[in-house]
Amino acid sequence: MSDPHRPDPFICYRRVPDPHAVSLDDGPALVVGTEGVFVAPHDSPVRLPRLAELRNTSADVTAALHQIAEYGGEPVYARAAGAAGVSLPARYEEIGYRELYGSMPDEELALVSRAVQVVSWDRDSAFCSRCAAVTEPAHDECVKRCPECGHTQYPRLAPAMIVGVVRDRRLLLAQSPRFRGRFHSILAGFVEPGESAEQCVAREVYEEVGITIRNIRYFGSQPWPYPHSFMLGFTAEHEAGELNPSPIELVDAGWYGADELPEVPGEVSISGRIINWFRREYG
Ligand SMILES: [Zn+2]
C-alpha cells in the first residue's frame with residue numbers, strides 16, 4: 001500500500017549487493033554517462049530505460065547498482081555507464097541533463113538529478129581522500145568508509161545562491177561571457193566557507209555589479225547536478241550604488257522592466273521562476 005502522505009519520488013538509498021538478484025520487472029534504471037543520462041529522446045515525454053531492458057541487453061550487469069528512490073511505488077536504480085559499457089537498445093541516447101529540462105516530468109527530472117549525483121559520488125569516492133586506501137561502501141546509506149583510517153565520505157553538495165534584485169520596478173539582469181546572443185539572467189555564485197546564505201547573496205551582488213542590497217528573502221531551491229551543486233533562490237531590493245559590472249565576470253548588466261526583458265531562462269529553472277515572479281509582481 002502506498003502512503004498518501006509520502007512524497008513521490010521518495011528518497012531512499014540502497015546499494016544492491018547482487019544486481020543479478022534484482023527482479024527483472026523492477027522499475028526505471030538511470031544509466032549515467034560522462035555527459036548526461038541515457039534516455040529515449042524521441043518519445044514524448046522523454047522516457048527513462050526500464051531495468052528489464054537494461055539487463056536484457058547489458059554486457060555488464062555486475063557494475064555497482066544503486067537503488068536511489070521509489071517512484072510510483074517502484075524502486076528506481078542508477079548505475080554508471082562504465083568503461084565496460086552498457087549496451088542499451090538503439091533508441092536510447094546519452095542526453096545532457098540541461099537538455100532534459102522541460103522535456104520530461106519534473107518528478108522524473110528529480111530522479112535524473114539524484115542519479116547523476118549518486119553515481120558521481122560513487123565514482124569520485126573509490127579511494128580515501130586522506131590515506132588513499134580503497135574505500136568500502138555501506139549498503140543502506142550513501143557513505144564510503146575507509147578501512148585503514150576510518151575516514152567517511154558522504155556525497156558533497158556545493159550550495160550556490162541566485163538572486164533577483166529589484167530597483168524601481170525593474171529587475172537586475174546580467175550577461176555572462178558564457179551566455180550566447182542576448183541571453184541574460186539574474187546573478188548567482190557559490191557560497192564560501194564560513195558564510196551564511198544571505199552574506200553570500202550580498203557579497204556576490206557587490207562583487208559582480210558593485211551595489212548593496214537589502215530585504216533579502218528566501219524564494220525556493222533546486223538541485224543543480226553540475227555535478228553536485230544545490231541552488232538556493234532569493235529576492236532582494238537595491239539599497240545603494242550604481243551598476244559597475246565586473247569585467248572579469250560579466251559583459252553586461254542592467255535594470256529591465258517587466259515588459260522589456262531580454263532573452264531569459266525558462267520556468268523550469270529557479271532563475272526562470274524568480275524572473276516569472278518579477279513579471280507577476282511588477283508587470
Ligand atoms: Zn583512509
# chains A, B, ... in the order shown; residues from 1 in each chain; ligands from 1
$ residues_near_ligand --ligand "ligand 1" --cutoff "12 Å" --atoms "only C-alpha atoms and all ligand atoms" --output "number ranges by chain"
A: 125-136, 144-153
$ write_last_selection --atoms "C-alpha atoms" --output "PDB file, in the first residue's frame"
ATOM      1  CA  SER A 125      34.997   8.289  -3.637  1.00  0.00           C
ATOM      2  CA  ALA A 126      36.565   4.993  -4.706  1.00  0.00           C
ATOM      3  CA  PHE A 127      39.682   5.880  -2.682  1.00  0.00           C
ATOM      4  CA  CYS A 128      40.078   7.514   0.721  1.00  0.00           C
ATOM      5  CA  SER A 129      40.824  11.221   0.285  1.00  0.00           C
ATOM      6  CA  ARG A 130      43.083  11.133   3.392  1.00  0.00           C
ATOM      7  CA  CYS A 131      45.177   7.965   3.033  1.00  0.00           C
ATOM      8  CA  ALA A 132      44.336   6.688  -0.488  1.00  0.00           C
ATOM      9  CA  ALA A 133      43.160   3.231   0.649  1.00  0.00           C
ATOM     10  CA  VAL A 134      40.310   1.618  -1.287  1.00  0.00           C
ATOM     11  CA  THR A 135      37.042   2.610   0.430  1.00  0.00           C
ATOM     12  CA  GLU A 136      34.179   0.301   1.378  1.00  0.00           C
ATOM     13  CA  LYS A 144      32.046   5.239   1.870  1.00  0.00           C
ATOM     14  CA  ARG A 145      34.230   4.270   4.810  1.00  0.00           C
ATOM     15  CA  CYS A 146      37.994   3.868   4.802  1.00  0.00           C
ATOM     16  CA  PRO A 147      39.044   0.522   6.368  1.00  0.00           C
ATOM     17  CA  GLU A 148      42.526   1.933   7.138  1.00  0.00           C
ATOM     18  CA  CYS A 149      41.882   5.297   8.828  1.00  0.00           C
ATOM     19  CA  GLY A 150      38.104   5.356   9.374  1.00  0.00           C
ATOM     20  CA  HIS A 151      37.515   8.488   7.278  1.00  0.00           C
ATOM     21  CA  THR A 152      33.972   8.715   5.836  1.00  0.00           C
ATOM     22  CA  GLN A 153      32.920  10.295   2.545  1.00  0.00           C
TER      23      GLN A 153
END
$ residues_around --residues "range 200-208 of chain A" --least-positions-apart "3" --cutoff "7 Å" --atoms "only C-alpha atoms" --output "list in words"
Met161, Val163, Leu187, Gly189, Val191, Glu195, Ser196, Ala197, Ile211, Thr212, Ile213, Pro245, Ser246 and Glu249 of chain A
$ write_last_selection --atoms "N, CA and C atoms" --output "CSV table (one decimal), in the first residue's frame"
chain,number,residue,atom,x,y,z
A,161,MET,N,24.0,30.4,-4.6
A,161,MET,CA,22.9,31.3,-4.4
A,161,MET,C,22.6,32.0,-5.7
A,163,VAL,N,19.9,35.3,-7.1
A,163,VAL,CA,19.1,36.3,-6.5
A,163,VAL,C,18.5,37.3,-7.6
A,187,LEU,N,21.8,37.2,-11.0
A,187,LEU,CA,23.1,36.9,-10.5
A,187,LEU,C,23.2,35.7,-9.6
A,189,GLY,N,26.2,32.7,-7.5
A,189,GLY,CA,27.5,32.4,-7.1
A,189,GLY,C,27.6,31.4,-6.0
A,191,VAL,N,28.6,29.7,-2.4
A,191,VAL,CA,28.9,30.0,-1.0
A,191,VAL,C,30.4,29.7,-0.7
A,195,GLU,N,30.4,31.4,5.4
A,195,GLU,CA,29.4,32.4,5.0
A,195,GLU,C,28.0,31.9,5.2
A,196,SER,N,27.0,32.8,5.6
A,196,SER,CA,25.6,32.4,5.6
A,196,SER,C,25.1,32.6,4.1
A,197,ALA,N,24.0,32.1,3.8
A,197,ALA,CA,23.4,32.2,2.5
A,197,ALA,C,23.2,33.7,2.2
A,211,ILE,N,26.9,47.0,-6.2
A,211,ILE,CA,25.8,47.7,-5.4
A,211,ILE,C,25.5,46.9,-4.1
A,212,THR,N,24.9,47.6,-3.1
A,212,THR,CA,24.5,46.9,-1.9
A,212,THR,C,23.0,46.7,-2.0
A,213,ILE,N,22.5,45.6,-1.3
A,213,ILE,CA,21.1,45.2,-1.4
A,213,ILE,C,20.5,45.1,0.0
A,245,PRO,N,29.6,46.7,-13.6
A,245,PRO,CA,29.8,45.3,-13.8
A,245,PRO,C,31.3,44.9,-13.8
A,246,SER,N,31.6,43.8,-13.0
A,246,SER,CA,32.9,43.3,-13.0
A,246,SER,C,33.3,42.8,-14.4
A,249,GLU,N,33.7,39.0,-14.6
A,249,GLU,CA,32.6,38.1,-14.5
A,249,GLU,C,31.5,38.3,-15.5
$ select_by_dssp --residues "range 1-241 of chain A" --states "alpha helix (DSSP H)" --output "MDAnalysis selection string"
chainID A and resid 51:57 97:100 106:124 197:209
$ residues_around --residues "range 222-238 of chain A" --least-positions-apart "4" --cutoff "7 Å" --atoms "only C-alpha atoms" --output "ChimeraX atom specification"
/A:113,116-117,156-167,212-218,270
$ atom_distance --atom1 "CA of His139 in chain A" --atom2 "CA of Asp8 in chain A"
22.3 Å
$ residues_around --residues "Thr34 in chain A" --least-positions-apart "6" --cutoff "10 Å" --atoms "only C-alpha atoms" --output "PyMOL selection string"
chain A and resi 80-82+94+96+116+120
$ write_last_selection --atoms "N, CA and C atoms" --output "PDB file, in the first residue's frame"
ATOM      1  N   ALA A  80      26.522   3.684 -13.326  1.00  0.00           N
ATOM      2  CA  ALA A  80      27.368   4.357 -14.305  1.00  0.00           C
ATOM      3  C   ALA A  80      27.368   3.558 -15.601  1.00  0.00           C
ATOM      4  N   ALA A  81      27.492   4.265 -16.725  1.00  0.00           N
ATOM      5  CA  ALA A  81      27.624   3.563 -17.995  1.00  0.00           C
ATOM      6  C   ALA A  81      28.881   2.712 -17.970  1.00  0.00           C
ATOM      7  N   GLY A  82      29.974   3.270 -17.431  1.00  0.00           N
ATOM      8  CA  GLY A  82      31.169   2.481 -17.175  1.00  0.00           C
ATOM      9  C   GLY A  82      31.969   2.149 -18.415  1.00  0.00           C
ATOM     10  N   GLU A  94      22.610   9.160 -25.000  1.00  0.00           N
ATOM     11  CA  GLU A  94      23.079   9.936 -23.849  1.00  0.00           C
ATOM     12  C   GLU A  94      22.751  11.405 -24.099  1.00  0.00           C
ATOM     13  N   GLY A  96      22.477  15.347 -22.332  1.00  0.00           N
ATOM     14  CA  GLY A  96      22.898  16.201 -21.225  1.00  0.00           C
ATOM     15  C   GLY A  96      21.707  16.596 -20.358  1.00  0.00           C
ATOM     16  N   VAL A 116      22.555  11.310 -11.145  1.00  0.00           N
ATOM     17  CA  VAL A 116      23.824  11.915 -11.555  1.00  0.00           C
ATOM     18  C   VAL A 116      24.708  12.151 -10.325  1.00  0.00           C
ATOM     19  N   SER A 120      28.102  10.053  -9.506  1.00  0.00           N
ATOM     20  CA  SER A 120      29.328  10.864  -9.450  1.00  0.00           C
ATOM     21  C   SER A 120      30.053  10.651  -8.124  1.00  0.00           C
TER      22      SER A 120
END
$ closest_residue --among "A:Asn276, A:Gln175, A:Gln67, A:Ser44" --to "Glu141 in chain A" --atoms "only C-alpha atoms"
A:Gln67
